[in-house]
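Reproduced below: entry-v4.cif, with mmCIF, C-alpha atoms.
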data_model
loop_
_atom_site.label_atom_id
_atom_site.label_comp_id
_atom_site.auth_asym_id
_atom_site.auth_seq_id
_atom_site.Cartn_x
_atom_site.Cartn_y
_atom_site.Cartn_z
CA MET A 1 0.00 0.00 0.00
CA LYS A 2 1.27 3.45 -0.88
CA HIS A 3 2.23 5.89 1.87
CA ARG A 4 -0.47 8.56 1.86
CA ILE A 5 0.72 12.15 2.19
CA VAL A 6 -1.99 14.79 2.46
CA VAL A 7 -1.05 18.48 2.20
CA ILE A 8 -3.77 20.89 3.31
CA GLY A 9 -3.53 24.43 2.03
CA ALA A 10 -1.93 25.45 -1.27
CA GLY A 11 -0.43 28.81 -0.53
CA TYR A 12 3.30 29.30 -1.00
CA THR A 13 4.27 26.76 1.65
CA GLY A 14 1.73 24.02 0.94
CA ALA A 15 2.22 24.13 -2.81
CA ILE A 16 6.02 24.13 -2.50
CA ALA A 17 5.94 21.22 -0.03
CA ALA A 18 3.68 19.14 -2.28
CA GLY A 19 5.78 19.74 -5.37
CA ARG A 20 9.04 19.08 -3.57
CA LEU A 21 7.74 15.82 -2.11
CA ALA A 22 6.61 14.71 -5.56
CA LYS A 23 10.13 15.31 -6.87
CA ARG A 24 11.81 13.55 -3.94
CA LEU A 25 9.68 10.41 -3.68
CA SER A 26 8.79 7.62 -6.08
CA ARG A 27 5.20 7.58 -7.34
CA GLU A 28 5.25 3.82 -6.89
CA ASP A 29 5.48 4.26 -3.12
CA VAL A 30 3.61 7.44 -2.22
CA ALA A 31 0.29 9.09 -3.02
CA ILE A 32 0.37 12.86 -2.56
CA THR A 33 -2.92 14.76 -2.27
CA LEU A 34 -3.01 18.57 -2.16
CA VAL A 35 -6.24 19.98 -0.74
CA ASN A 36 -7.24 23.56 -1.49
CA ALA A 37 -10.53 25.41 -1.84
CA GLU A 38 -9.48 27.47 -4.87
CA PRO A 39 -8.26 26.12 -8.25
CA ASP A 40 -5.60 28.79 -8.70
CA PHE A 41 -2.45 29.73 -6.82
CA VAL A 42 -2.87 33.08 -5.08
CA GLU A 43 0.13 35.41 -4.93
CA ARG A 44 -0.65 36.73 -1.50
CA VAL A 45 2.21 39.21 -1.59
CA ARG A 46 0.41 41.04 -4.42
CA MET A 47 -2.98 41.56 -2.80
CA HIS A 48 -2.37 45.30 -2.47
CA GLN A 49 -1.97 45.42 -6.25
CA LEU A 50 -5.20 43.52 -6.78
CA THR A 51 -7.11 46.01 -4.61
CA VAL A 52 -6.33 48.94 -6.90
CA GLY A 53 -7.49 47.24 -10.09
CA GLN A 54 -4.35 45.52 -11.32
CA ASP A 55 -4.98 42.10 -12.83
CA LEU A 56 -2.70 39.31 -11.68
CA ARG A 57 -1.49 36.50 -13.89
CA PRO A 58 -3.65 33.36 -13.53
CA ARG A 59 -1.73 30.40 -12.09
CA PRO A 60 -4.02 27.33 -12.22
CA PHE A 61 -2.89 24.38 -10.13
CA SER A 62 -3.94 22.03 -12.92
CA GLU A 63 -1.06 23.42 -14.97
CA MET A 64 1.41 23.85 -12.13
CA PHE A 65 1.09 20.23 -11.01
CA ALA A 66 0.51 18.59 -14.38
CA ASN A 67 2.45 15.33 -14.69
CA THR A 68 3.94 15.64 -11.19
CA GLY A 69 1.93 12.90 -9.50
CA VAL A 70 0.30 15.38 -7.12
CA GLU A 71 -3.48 14.88 -6.96
CA LEU A 72 -5.34 18.15 -6.50
CA ARG A 73 -8.48 17.97 -4.37
CA LEU A 74 -10.58 21.12 -4.67
CA ALA A 75 -12.39 21.24 -1.35
CA LYS A 76 -12.60 23.18 1.90
CA VAL A 77 -10.90 21.66 4.92
CA THR A 78 -13.46 21.54 7.73
CA GLY A 79 -11.55 19.59 10.35
CA VAL A 80 -8.57 17.42 11.20
CA ASP A 81 -8.56 14.38 13.50
CA VAL A 82 -4.90 13.80 14.28
CA ASP A 83 -5.68 10.75 16.39
CA ALA A 84 -7.74 9.00 13.71
CA LYS A 85 -5.35 10.48 11.08
CA THR A 86 -8.07 11.90 8.84
CA VAL A 87 -8.85 15.24 7.21
CA ALA A 88 -12.50 16.26 6.83
CA VAL A 89 -13.26 18.13 3.61
CA SER A 90 -16.37 19.39 1.86
CA ASP A 91 -17.22 20.48 -1.67
CA GLU A 92 -20.28 20.74 -3.90
CA GLN A 93 -20.64 16.95 -3.85
CA GLY A 94 -20.73 16.77 -0.06
CA ALA A 95 -18.46 15.87 2.85
CA GLU A 96 -15.66 13.31 2.93
CA GLU A 97 -12.80 12.16 5.16
CA LEU A 98 -9.34 11.72 3.68
CA PRO A 99 -7.06 9.30 5.54
CA TYR A 100 -3.35 10.05 5.74
CA ASP A 101 -0.11 8.53 6.92
CA THR A 102 1.71 11.86 6.89
CA LEU A 103 -0.02 15.24 7.06
CA VAL A 104 1.48 18.57 6.02
CA TYR A 105 -0.58 21.32 7.65
CA ALA A 106 -0.30 24.55 5.63
CA LEU A 107 -3.64 26.28 6.11
CA GLY A 108 -1.91 29.56 6.78
CA SER A 109 -3.59 32.62 8.24
CA GLY A 110 -6.23 35.26 7.67
CA TRP A 111 -6.79 38.78 8.85
CA ASN A 112 -6.75 39.60 12.54
CA ALA A 113 -9.41 42.02 13.74
CA GLN A 114 -7.61 42.29 17.11
CA SER A 115 -11.03 42.31 18.87
CA VAL A 116 -11.36 46.02 18.10
CA PRO A 117 -15.06 47.02 18.11
CA GLY A 118 -16.53 47.58 14.67
CA THR A 119 -13.62 46.14 12.73
CA ALA A 120 -15.32 42.95 11.56
CA GLU A 121 -18.42 44.88 10.50
CA HIS A 122 -16.92 47.97 8.89
CA ALA A 123 -13.27 47.38 7.92
CA HIS A 124 -11.85 45.77 4.78
CA GLU A 125 -8.97 43.31 4.68
CA LEU A 126 -6.57 42.12 2.01
CA ALA A 127 -5.15 38.99 3.62
CA GLY A 128 -6.62 36.90 0.79
CA ARG A 129 -8.13 37.22 -2.67
CA PRO A 130 -11.83 37.41 -1.64
CA GLY A 131 -11.15 40.30 0.73
CA ALA A 132 -8.88 42.05 -1.75
CA LEU A 133 -11.55 41.84 -4.44
CA ARG A 134 -14.21 43.26 -2.12
CA LEU A 135 -11.90 46.15 -1.27
CA ARG A 136 -11.15 46.63 -4.97
CA GLU A 137 -14.84 47.05 -5.71
CA ARG A 138 -15.31 49.46 -2.81
CA LEU A 139 -12.34 51.62 -3.79
CA ALA A 140 -13.51 51.77 -7.40
CA GLY A 141 -16.80 53.25 -6.22
CA LEU A 142 -15.24 56.10 -4.24
CA ASP A 143 -15.54 59.65 -5.49
CA ALA A 144 -12.59 62.03 -5.61
CA GLY A 145 -11.62 63.51 -2.26
CA GLN A 146 -13.07 60.72 -0.11
CA PRO A 147 -10.92 59.54 2.79
CA VAL A 148 -9.31 56.10 3.02
CA VAL A 149 -7.67 55.06 6.29
CA VAL A 150 -5.16 52.21 6.39
CA VAL A 151 -4.79 50.85 9.92
CA GLY A 152 -1.44 49.23 10.69
CA GLY A 153 2.09 50.47 10.15
CA GLY A 154 3.75 47.17 9.25
CA LEU A 155 4.83 45.94 5.84
CA THR A 156 1.28 45.31 4.61
CA GLY A 157 0.09 48.69 5.81
CA LEU A 158 2.91 50.57 4.09
CA GLU A 159 2.36 48.69 0.84
CA ALA A 160 -1.41 49.16 0.91
CA ALA A 161 -1.28 52.88 1.68
CA THR A 162 1.29 53.70 -1.00
CA GLU A 163 -0.36 51.50 -3.64
CA ILE A 164 -3.76 53.11 -3.09
CA ALA A 165 -2.33 56.64 -3.00
CA GLU A 166 -0.36 56.10 -6.20
CA ALA A 167 -3.25 54.48 -8.10
CA ARG A 168 -5.85 56.94 -6.80
CA PRO A 169 -4.15 60.31 -6.21
CA ASP A 170 -7.64 61.84 -6.04
CA LEU A 171 -8.33 60.11 -2.71
CA ASP A 172 -7.32 61.34 0.75
CA VAL A 173 -5.17 58.48 2.07
CA THR A 174 -4.20 58.24 5.73
CA LEU A 175 -2.22 55.63 7.65
CA ALA A 176 -2.72 55.07 11.38
CA ALA A 177 0.21 53.34 13.10
CA ARG A 178 0.41 52.13 16.69
CA GLY A 179 4.08 53.17 16.82
CA GLY A 180 6.26 55.46 14.76
CA LEU A 181 6.19 55.34 10.97
CA GLY A 182 8.55 52.53 9.97
CA ASP A 183 10.03 52.53 13.48
CA TRP A 184 11.60 49.08 12.99
CA LEU A 185 13.56 50.24 9.93
CA SER A 186 17.03 51.77 9.73
CA PRO A 187 17.33 55.59 9.73
CA LYS A 188 17.76 55.48 5.95
CA GLY A 189 14.72 53.26 5.58
CA ARG A 190 12.53 55.45 7.80
CA ALA A 191 13.62 58.58 5.96
CA HIS A 192 12.74 57.05 2.61
CA VAL A 193 9.28 55.97 3.76
CA ARG A 194 8.57 59.52 4.95
CA LYS A 195 9.82 60.89 1.64
CA VAL A 196 7.48 58.61 -0.31
CA PHE A 197 4.53 59.43 1.96
CA ALA A 198 5.14 63.14 1.41
CA ARG A 199 5.40 62.69 -2.36
CA LEU A 200 2.17 60.69 -2.51
CA GLY A 201 0.33 62.98 -0.12
CA ILE A 202 -0.29 60.32 2.55
CA THR A 203 -1.02 61.56 6.07
CA ALA A 204 0.56 59.50 8.84
CA HIS A 205 -0.94 59.35 12.34
CA GLU A 206 1.81 57.97 14.56
CA GLN A 207 1.45 56.54 18.08
CA ALA A 208 -2.22 56.18 17.16
CA ALA A 209 -3.63 52.83 18.25
CA VAL A 210 -7.10 52.41 16.74
CA THR A 211 -9.70 51.44 19.33
CA GLY A 212 -12.88 51.53 17.28
CA VAL A 213 -14.19 51.47 13.70
CA THR A 214 -17.49 52.92 12.47
CA PRO A 215 -18.90 53.11 8.92
CA ASP A 216 -17.34 56.55 8.40
CA ALA A 217 -14.43 56.90 10.83
CA VAL A 218 -11.86 55.26 13.07
CA THR A 219 -11.19 56.30 16.65
CA THR A 220 -7.75 56.24 18.26
CA ALA A 221 -6.82 55.66 21.90
CA ASP A 222 -6.52 59.39 22.61
CA GLY A 223 -10.06 60.00 21.34
CA THR A 224 -9.14 61.33 17.92
CA SER A 225 -11.67 60.57 15.19
CA ILE A 226 -10.22 60.10 11.70
CA PRO A 227 -12.77 60.27 8.84
CA ALA A 228 -12.86 57.11 6.71
CA ALA A 229 -15.14 56.32 3.80
CA VAL A 230 -13.12 53.08 3.65
CA THR A 231 -11.05 51.52 6.43
CA VAL A 232 -8.37 49.00 5.46
CA TRP A 233 -7.27 46.77 8.36
CA THR A 234 -3.67 45.47 8.16
CA THR A 235 -2.64 44.96 11.79
CA GLY A 236 -1.40 41.39 11.49
CA PHE A 237 -2.62 37.89 10.83
CA ALA A 238 -4.46 35.21 12.78
CA VAL A 239 -3.88 31.53 12.06
CA HIS A 240 -6.61 29.22 10.83
CA PRO A 241 -8.60 27.94 13.86
CA ILE A 242 -8.68 24.25 12.90
CA ALA A 243 -5.39 23.32 14.62
CA ARG A 244 -6.61 24.67 17.95
CA ALA A 245 -9.58 22.27 17.80
CA THR A 246 -7.27 19.24 17.59
CA THR A 247 -5.07 17.50 20.18
CA LEU A 248 -1.96 18.98 18.57
CA ASP A 249 0.38 20.97 20.80
CA VAL A 250 -0.34 24.58 19.83
CA THR A 251 0.61 28.01 21.15
CA ASP A 252 -1.78 30.57 22.65
CA THR A 253 -2.20 31.98 19.13
CA GLY A 254 -3.13 28.57 17.69
CA GLN A 255 0.14 27.90 15.88
CA ILE A 256 1.37 24.30 15.83
CA VAL A 257 4.57 23.84 17.83
CA VAL A 258 7.20 22.14 15.67
CA ASP A 259 10.80 21.02 15.96
CA ARG A 260 13.69 22.05 13.71
CA THR A 261 12.41 19.78 10.94
CA MET A 262 8.89 21.32 11.04
CA ARG A 263 7.51 18.18 12.69
CA SER A 264 4.82 18.51 15.35
CA VAL A 265 6.29 17.97 18.82
CA SER A 266 3.15 16.06 19.86
CA HIS A 267 2.23 14.12 16.71
CA PRO A 268 5.20 12.84 14.66
CA ASP A 269 3.09 12.14 11.58
CA VAL A 270 2.10 15.81 11.30
CA TYR A 271 4.29 18.59 9.87
CA ALA A 272 3.33 22.25 9.91
CA VAL A 273 4.75 24.99 7.68
CA GLY A 274 4.27 28.68 7.08
CA ASP A 275 2.06 30.87 9.25
CA ALA A 276 0.45 27.78 10.81
CA ALA A 277 3.68 26.76 12.57
CA MET A 278 5.56 28.10 15.56
CA ALA A 279 9.17 27.49 14.58
CA MET A 280 12.29 28.96 16.09
CA GLY A 281 14.93 30.85 14.13
CA PRO A 282 18.30 32.42 14.93
CA GLY A 283 18.71 33.44 18.55
CA ASP A 284 15.82 31.12 19.46
CA LYS A 285 13.39 33.79 18.30
CA PRO A 286 10.08 32.71 16.73
CA LEU A 287 10.01 33.09 12.97
CA ARG A 288 7.55 35.75 11.87
CA MET A 289 4.68 35.09 9.51
CA SER A 290 6.07 35.79 6.06
CA CYS A 291 6.85 34.30 2.69
CA ALA A 292 10.53 34.79 3.53
CA THR A 293 10.33 32.14 6.23
CA GLY A 294 7.45 30.06 4.87
CA THR A 295 9.41 28.95 1.81
CA PRO A 296 12.44 27.50 3.64
CA MET A 297 10.07 25.94 6.17
CA ALA A 298 8.36 24.10 3.30
CA TRP A 299 11.73 22.98 1.94
CA GLN A 300 12.74 21.69 5.36
CA ALA A 301 9.50 19.81 5.97
CA ALA A 302 9.45 18.17 2.54
CA ASP A 303 13.10 17.15 2.73
CA ALA A 304 12.70 15.80 6.27
CA ILE A 305 9.66 13.73 5.30
CA ALA A 306 11.46 12.35 2.25
CA ALA A 307 14.58 11.54 4.25
CA ARG A 308 12.66 9.76 6.99
CA LEU A 309 10.64 7.74 4.51
CA THR A 310 13.65 6.69 2.46
CA GLY A 311 16.18 6.21 5.23
CA GLY A 312 18.28 9.19 4.15
CA LYS A 313 20.01 11.88 6.16
CA ILE A 314 17.78 14.77 7.17
CA PRO A 315 19.17 18.02 5.76
CA LYS A 316 19.04 21.27 7.69
CA THR A 317 17.63 24.24 5.79
CA PRO A 318 18.92 27.59 7.14
CA MET A 319 16.14 29.50 8.86
CA ARG A 320 17.34 33.07 8.74
CA TYR A 321 16.52 36.46 7.28
CA PHE A 322 18.41 38.56 4.76
CA ASN A 323 16.17 41.52 3.99
CA GLN A 324 12.66 42.91 4.11
CA CYS A 325 11.25 43.84 0.71
CA ILE A 326 8.65 46.61 0.65
CA SER A 327 6.94 47.94 -2.46
CA LEU A 328 5.96 51.60 -2.20
CA GLY A 329 3.75 51.79 -5.26
CA ARG A 330 4.82 50.49 -8.67
CA LYS A 331 7.80 52.81 -9.14
CA ASP A 332 9.38 52.92 -5.70
CA GLY A 333 10.45 50.50 -3.04
CA LEU A 334 12.59 49.78 -0.02
CA ILE A 335 14.88 46.81 0.58
CA GLN A 336 15.84 46.88 4.25
CA TYR A 337 18.78 44.61 4.96
CA VAL A 338 18.56 42.78 8.27
CA THR A 339 20.50 40.48 10.56
CA ALA A 340 19.85 36.74 10.62
CA ASP A 341 17.27 37.28 13.38
CA ASP A 342 15.49 40.06 11.45
CA ARG A 343 16.90 43.24 13.02
CA ALA A 344 17.47 46.15 10.67
CA VAL A 345 21.03 47.16 9.83
CA ARG A 346 22.13 50.50 8.41
CA SER A 347 22.18 49.38 4.77
CA ALA A 348 19.05 49.78 2.66
CA LEU A 349 18.26 49.96 -1.04
CA THR A 350 15.66 52.54 -2.06
CA GLY A 351 13.87 53.97 -5.05
CA ARG A 352 13.28 52.54 -8.50
CA LEU A 353 15.99 49.90 -8.18
CA ALA A 354 14.39 48.64 -4.98
CA ALA A 355 11.04 48.39 -6.78
CA VAL A 356 12.64 46.25 -9.50
CA TYR A 357 14.31 44.10 -6.84
CA LYS A 358 10.99 43.55 -5.05
CA GLU A 359 9.27 42.64 -8.32
CA LEU A 360 11.94 40.03 -9.06
CA ILE A 361 11.48 38.58 -5.57
CA CYS A 362 7.71 38.30 -6.08
CA LYS A 363 8.10 36.68 -9.49
CA GLY A 364 10.73 34.33 -8.15
CA ALA A 365 8.56 33.26 -5.24
CA ALA A 366 5.66 32.35 -7.53
CA TRP A 367 7.93 30.65 -10.06
CA GLY A 368 9.54 28.64 -7.28
CA VAL A 369 6.18 27.10 -6.36
CA ALA A 370 6.04 25.36 -9.72
CA ASN A 371 9.76 24.58 -9.73
CA PRO A 372 10.48 23.35 -6.19
CA LEU A 373 13.82 21.66 -6.92
CA LEU A 374 15.47 24.05 -9.38
CA GLY A 375 19.21 23.47 -9.47
CA ILE A 376 19.05 20.47 -7.14
CA PRO A 377 20.00 17.29 -8.98
CA THR A 378 17.78 14.55 -7.69
CA ARG A 379 15.74 11.57 -8.69
CA PRO A 380 12.74 10.10 -6.87
CA ARG A 381 13.76 7.71 -4.11
CA ARG A 382 12.00 4.55 -2.98
CA VAL A 383 10.37 4.36 0.43
CA THR A 384 12.00 1.90 2.81
CA GLN A 385 9.90 -0.70 4.58
CA ASN A 386 11.07 0.23 8.07
CA HIS A 387 11.13 3.99 8.03
CA PRO A 388 11.10 5.95 11.32
CA GLU A 389 8.20 8.20 10.35
CA THR A 390 6.20 7.28 13.44
CA THR A 391 9.08 7.59 15.90
CA PRO A 392 8.21 10.11 18.66
CA THR A 393 9.93 13.45 18.37
CA THR A 394 11.06 15.97 20.97
CA LYS A 395 10.60 19.69 21.04
CA LEU A 396 13.13 21.58 18.94
CA ALA A 397 15.05 18.41 18.14
CA ALA A 398 17.39 18.63 15.18
#
Would you give me this structure, written as C-alpha cells?
Amino acid sequence: MKHRIVVIGAGYTGAIAAGRLAKRLSREDVAITLVNAEPDFVERVRMHQLTVGQDLRPRPFSEMFANTGVELRLAKVTGVDVDAKTVAVSDEQGAEELPYDTLVYALGSGWNAQSVPGTAEHAHELAGRPGALRLRERLAGLDAGQPVVVVGGGLTGLEAATEIAEARPDLDVTLAARGGLGDWLSPKGRAHVRKVFARLGITAHEQAAVTGVTPDAVTTADGTSIPAAVTVWTTGFAVHPIARATTLDVTDTGQIVVDRTMRSVSHPDVYAVGDAAMAMGPGDKPLRMSCATGTPMAWQAADAIAARLTGGKIPKTPMRYFNQCISLGRKDGLIQYVTADDRAVRSALTGRLAAVYKELICKGAAWGVANPLLGIPTRPRRVTQNHPETTPTTKLAA
C-alpha cells in the first residue's frame, strides 16, 4: 500500500511542499494529495496590487502540477482528526474524510481584527483574494476627495497605503500606526518611507492605536476621530482555527509547535509549515509570519519527510533572514537589509531599483512554487519498509 501524504492548504508553503515531495519520492510508493478550496495559486504578496485594479497573472494548479503525480483535491478543509489520522473536507458533492499517513498542515492565516469594536463589520482586509476583491470594488466606487484610512504600520500597511495613494491620487489616504512610521527600519529606511509618503500625499498618524471602527471613521486611543469612507485593516494575521480544535500541541495563538524539521512535537506524523507553525529561528526567536520564512520551512518539511521515509540523512535548511522587501507603489520601493534574526542594519536599497528588486522577488517566489527543486539534482527515491516516520519526536530536536 502506498504511503499517503496529504497536504492541506496550497499557498506558497503548501504548494512548495507538495511539489518538492513529488520530486523527492517515487510515485510507486507514495500518493500525494493537495487539498485547497481554490483552483488557482494566489500570490498573497500582491494583494495590495489587486485592490487597486491591477490584474494578476492566472496560475491554475492544474497546470502547475501537471504530470507531477500530485493529486489536486478542490475542497474546503473543515476539520482534522490527528488521532484518527483523517482530514475532513467538503465540496459541492458533499463531505468526505481523507485518511493520511503523513499530514502537512499549511492552512496559513487570515486577517486579525484584534477584537477592536466595529472592525469585523466595517473594515476591509486584504489577507486573501476574496477580501482584496471586495476592497477593490469598494475603492472603485469612491468619489474624488473621499478619505481612506489604512490601519497598521507594518509591511502590509505601508504597501497598501502607498499602492492606493499612487493608483488613486484623487483620494485622501491616511495611515494610522500604533508606533512610529517605519520605526523598525534603519534611519535610511525610515527617511525614505517619509519621503514617499510626502510625495504621494499620505497623512501618517503615529502613536495612534485604533480602538474603534465605524462606517465613516476610526477612533484612536486618545479619542481622535479620523474620517474614513473606507477603512483597510492590516494589523497582522491570525492563524486558521482548525489546529486549535485538535489535540496537537499549539501556542496561545493557535500555531502548531514544531521542531527544527517542522515536525509537530506532539504528533510525529504531522508537519506544519508557514504561518500555521511556531518554529524557532536564529537566537531562538520565533520566525515571523512571512513568505521569507514560509518557503524555507516548506523545503525543510518536505526534505525531512522524504529523508525519513527513504532512510536518508535529514538536511538542515537555514532558517534566517536577509532583507525585508517593501513595495511603495509600482515605481518605488525599499529593501531593508537585516541580521539573521530580522533586526534592521544600516544598509538599505531605495527607489526605482528597490522596486525592481521587489518585483523580481515576487516573481521568483511564484515561479519557485512550480519549480520546487530548481538546481538540485535529484531523482525520486524509494520508500523503505522500516522507516522511522512514526518515531516520537522531541521539542526543537534537530
Selection under test: the PyMOL selection byres ((chain A and resi 102) around 10); residues as a list in words: His3, Arg4, Ile5, Val6, Val7, Ile32, Lys85, Thr86, Pro99, Tyr100, Asp101, Leu103, Val104, Tyr105, Pro268, Asp269, Val270, Tyr271, Ile305, Glu389 and Thr390 of chain A
Nearby residues (all atoms listed in the file) at most 9 Å from stretch 208-220 of chain A, same-chain spacing under 6 positions excluded, as number ranges by chain: A: 116-123, 149, 151-152, 176-180, 226-231
From A:Cys362, A:Ala344, A:Met289, A:Val148, residue lying nearest A:Pro187 [all atoms listed in the file]: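 Answer, going by the shortest atom-to-atom distance: A:Ala344.
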Given the PyMOL selection byres ((chain A and resi 236) around 12), the residues it picks as a list in words: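 Given this file, the PyMOL selection byres ((chain A and resi 236) around 12) evaluates to Ser109, Gly110, Trp111, Asn112, Ala113, Gln114, Glu125, Leu126, Ala127, Val151, Gly152, Gly153, Gly154, Leu155, Thr156, Gly157, Val232, Trp233, Thr234, Thr235, Phe237, Ala238, Val239, Asp275, Arg288, Met289 and Ser290 of chain A.
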Contacts of A:Arg190 at 10 Å (all atoms listed in the file; same-chain gap of 4+ positions) as a PyMOL selection string: chain A and resi 180-186+194-195+334+336
Separation of atom CA of A:Ser264 from atom CA of A:Thr247 in Å: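 Distance between the two atoms: 11.1 Å.
If you measure from each of A:Ile242, A:Leu287, A:Met1, A:Gly69 to A:Asp29 using all atoms listed in the file, the closest one turns out to be A:Met1.
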Picked residues, the PyMOL selection byres ((chain A and resi 129) around 9), as a list of chain:residue names: A:Val42, A:Glu43, A:Arg44, A:Met47, A:Leu50, A:Leu126, A:Ala127, A:Gly128, A:Pro130, A:Gly131, A:Ala132, A:Leu133, A:Arg134
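Across the model, the gap from atom CA of A:Pro318 to atom CA of A:Leu353 is 27.2 Å.
Counting all atoms listed in the file, the residue from A:His192, A:Arg168, A:Arg20, A:Arg379 that sits nearest to A:Ala354 is A:His192.
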Could you work out an axis-aligned box for stretch 349-366 of chain A, taking every atom the file lists and adding 4 Å on each side, and report centre and edge lengths in Å to one decimal, as lines of an AutoDock Vina configuration file?
center_x = 12.0
center_y = 43.2
center_z = -5.3
size_x = 20.6
size_y = 29.6
size_z = 16.5
